[in-house]
Every structure is written in structure tokens, then in C-alpha cells.
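To start, the structure under review is shown below, and the notes come after it.
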Amino acid sequence: MPRPGKHANCPPALRERRKPAPALPPPTRSASLLVRIAPEQTGMFRFLLEAYDHVAYFTVLENKTALLRVIFSPHRQREAREALQQMAQSLTFSVEEWP
């Protein structure tokens with residue numbers, strides 16, 4: 001029986017490496033979203049966001065109302081929004097566009 005592919009049984013370290021995609025130009029500014037969350041949930045929000053490997057970070061704009069500014073590279077906007085969607089399965093918060 002013929003093998004399904006040239007590298008089917010070859011360990012990943014020995015497979016031919018793909019040529020990396022060309023580097024994107026550096027962004028001139030960061031992208032942002034606003035998040036409104038219950039103040040007691042900001043610690044869990046931080047914990048979950050950090051699990052997404054530096055996709056975004058946040059700063060607190062208003063302590064009492066827990067208004068957060070989530071900051072990320074414009075090149076990673078899709079990943080940042082997906083991370084927030086997945087986090088919304090564990091926490092209740094709303095996402096708004098940055099003005």
C-alpha cells in the first residue's frame with residue numbers, strides 16, 4: 001500500500017520548513033475597544049486575557065464602573081475580537097467600539 005504523503009510518518013522537526021510570510025509594516029497606532037464589566041470581575045478578565053498570549057492588554061479607565069480600554073495591534077484585530085468572544089462565554093461584559 002503506498003504511503004499517503006511524502007512526510008506522513010516524518011517527525012515535525014525533520015519536515016521541510018515553509019518560507020515565512022513577509023513581515024507586515026509596523027502599525028502607526030494601536031487599535032482599541034471599550035469593555036464594560038462588573039468591577040469584581042476585572043481580575044478574572046485579566047486572567048483570561050493573558051491566556052491568549054499577548055493578543056491584547058487593557059487599562060482601567062474608570063474604577064467604579066469598570067470601564068476598560070483593550071489595546072491591541074491592528075494586525076491582530078481578528079484575534080483580539082475572537083479572544084473577547086470566547087471570554088464572553090465565561091464572563092458577562094459588553095464590548096463597544098473605541099471612539
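Ordering of the C-alpha cells sets the chain letters (A, B, ...), residue numbers begin anew at 1 in every chain, and ligands are numbered from 1 in the order given.
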
Counting only C-alpha atoms, give me one row per residue of stretch 17-60 of chain A with an atom at most 6 Å from an atom of stretch 87-96 of chain A, showing the shortest contact pair and its distance in Å to one decimal, sorted by chain then residue number, as a tab-separated table.
```
residue	atom	partner	partner_atom	distance
A:Leu33	CA	A:Glu96	CA	6.0
A:Leu34	CA	A:Glu96	CA	5.0
A:Val35	CA	A:Val95	CA	4.6
A:Arg36	CA	A:Ser94	CA	5.3
A:Ile37	CA	A:Phe93	CA	4.6
```

Just C-alpha atoms for this one: save the residues we selected as a PDB file, in the first residue's frame.
```pdb
ATOM      1  CA  LEU A  33     -12.065  48.589  22.132  1.00  0.00           C
ATOM      2  CA  LEU A  34     -14.051  49.547  25.226  1.00  0.00           C
ATOM      3  CA  VAL A  35     -15.200  46.835  27.605  1.00  0.00           C
ATOM      4  CA  ARG A  36     -17.765  47.318  30.365  1.00  0.00           C
ATOM      5  CA  ILE A  37     -17.636  44.672  33.062  1.00  0.00           C
TER       6      ILE A  37
END
```

Legend entry - Per-residue DSSP, stretch 18-81 of chain A, filtered to helix (DSSP H, G or I), as a ChimeraX atom specification: /A:39-50,74-81

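Checking A:Arg81, A:Ala23, A:Ala38, A:Leu48 one by one against A:Lys64, counting only C-alpha atoms, you find the shortest gap at A:Ala38.
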
Inset, instruction - Quick one: everything within 9 Å of A:Pro27, counting only C-alpha atoms, minus sequence neighbours fewer than 6 positions away in the same chain. Send it as a list in words. - result: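 The contact residues come out as Ser73, Pro74 and His75 of chain A.
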
Inset, instruction - Quick one: pull the distance between atom CA of A:Arg69 and atom CA of A:Val55, Å, one decimal. - result: 13.8 Å

Inset, instruction - Could you check which of A:Pro22, A:Pro99, A:Glu40, A:Ser32 is closest to A:Phe58, using only C-alpha atoms? - result: A:Ser32

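Between atom CA of A:Ala83 and atom CA of A:Leu49 lies a distance of 7.4 Å.
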
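Atom CA of A:Ala80 is found 20.5 Å from atom CA of A:Ala21.
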
Inset, instruction - Assign secondary structure with DSSP using the backbone only, and return the residues of chain A in strand (DSSP E) as an NGL selection string. - result: :A and (31-37 or 57-62 or 67-72 or 93-97)

Can you write just those residues out, N, CA and C atoms, as a compact mmCIF listing (two decimals), in the first residue's frame?
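What landed in result11.txt:
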```txt
# COMPACT_ATOMS: atom_id res chain seq x y z
N ALA A 31 -4.86 49.76 18.02
CA ALA A 31 -6.31 49.71 17.93
C ALA A 31 -6.86 49.47 19.34
N SER A 32 -8.09 49.89 19.58
CA SER A 32 -8.69 49.77 20.92
C SER A 32 -10.17 49.43 20.84
N LEU A 33 -10.65 48.83 21.90
CA LEU A 33 -12.07 48.59 22.13
C LEU A 33 -12.37 48.95 23.58
N LEU A 34 -13.61 49.30 23.85
CA LEU A 34 -14.05 49.55 25.23
C LEU A 34 -14.77 48.31 25.73
N VAL A 35 -14.52 47.96 26.97
CA VAL A 35 -15.20 46.83 27.61
C VAL A 35 -15.80 47.33 28.90
N ARG A 36 -17.07 47.02 29.11
CA ARG A 36 -17.76 47.32 30.36
C ARG A 36 -18.01 45.99 31.06
N ILE A 37 -17.56 45.92 32.31
CA ILE A 37 -17.64 44.67 33.06
C ILE A 37 -17.91 45.01 34.52
N TYR A 57 -3.83 43.82 25.68
CA TYR A 57 -3.75 44.14 27.10
C TYR A 57 -4.80 45.19 27.37
N PHE A 58 -5.03 45.51 28.65
CA PHE A 58 -6.05 46.51 28.93
C PHE A 58 -5.60 47.45 30.03
N THR A 59 -6.26 48.57 30.08
CA THR A 59 -6.07 49.52 31.15
C THR A 59 -7.45 49.93 31.65
N VAL A 60 -7.55 50.26 32.92
CA VAL A 60 -8.82 50.64 33.53
C VAL A 60 -8.99 52.15 33.36
N LEU A 61 -10.09 52.54 32.73
CA LEU A 61 -10.38 53.96 32.53
C LEU A 61 -11.20 54.52 33.69
N GLU A 62 -12.14 53.73 34.21
CA GLU A 62 -12.98 54.13 35.34
C GLU A 62 -13.06 52.96 36.32
N LEU A 67 -14.82 50.39 33.48
CA LEU A 67 -14.71 50.67 32.06
C LEU A 67 -13.25 50.43 31.67
N LEU A 68 -13.04 49.49 30.76
CA LEU A 68 -11.70 49.09 30.36
C LEU A 68 -11.43 49.47 28.92
N ARG A 69 -10.19 49.81 28.64
CA ARG A 69 -9.75 50.02 27.27
C ARG A 69 -8.85 48.84 26.92
N VAL A 70 -9.27 48.04 25.96
CA VAL A 70 -8.49 46.89 25.49
C VAL A 70 -7.69 47.37 24.29
N ILE A 71 -6.38 47.18 24.35
CA ILE A 71 -5.46 47.72 23.35
C ILE A 71 -4.75 46.56 22.65
N PHE A 72 -4.65 46.65 21.31
CA PHE A 72 -4.03 45.57 20.54
C PHE A 72 -3.51 46.14 19.22
N PHE A 93 -19.78 40.66 29.96
CA PHE A 93 -19.28 42.01 29.70
C PHE A 93 -19.77 42.44 28.33
N SER A 94 -19.69 43.73 28.08
CA SER A 94 -20.08 44.24 26.77
C SER A 94 -18.86 44.89 26.12
N VAL A 95 -18.82 44.80 24.81
CA VAL A 95 -17.73 45.37 24.03
C VAL A 95 -18.30 46.48 23.16
N GLU A 96 -17.62 47.62 23.16
CA GLU A 96 -18.04 48.77 22.36
C GLU A 96 -16.85 49.24 21.53
N GLU A 97 -17.14 49.88 20.44
CA GLU A 97 -16.07 50.44 19.61
C GLU A 97 -15.41 51.60 20.32
```
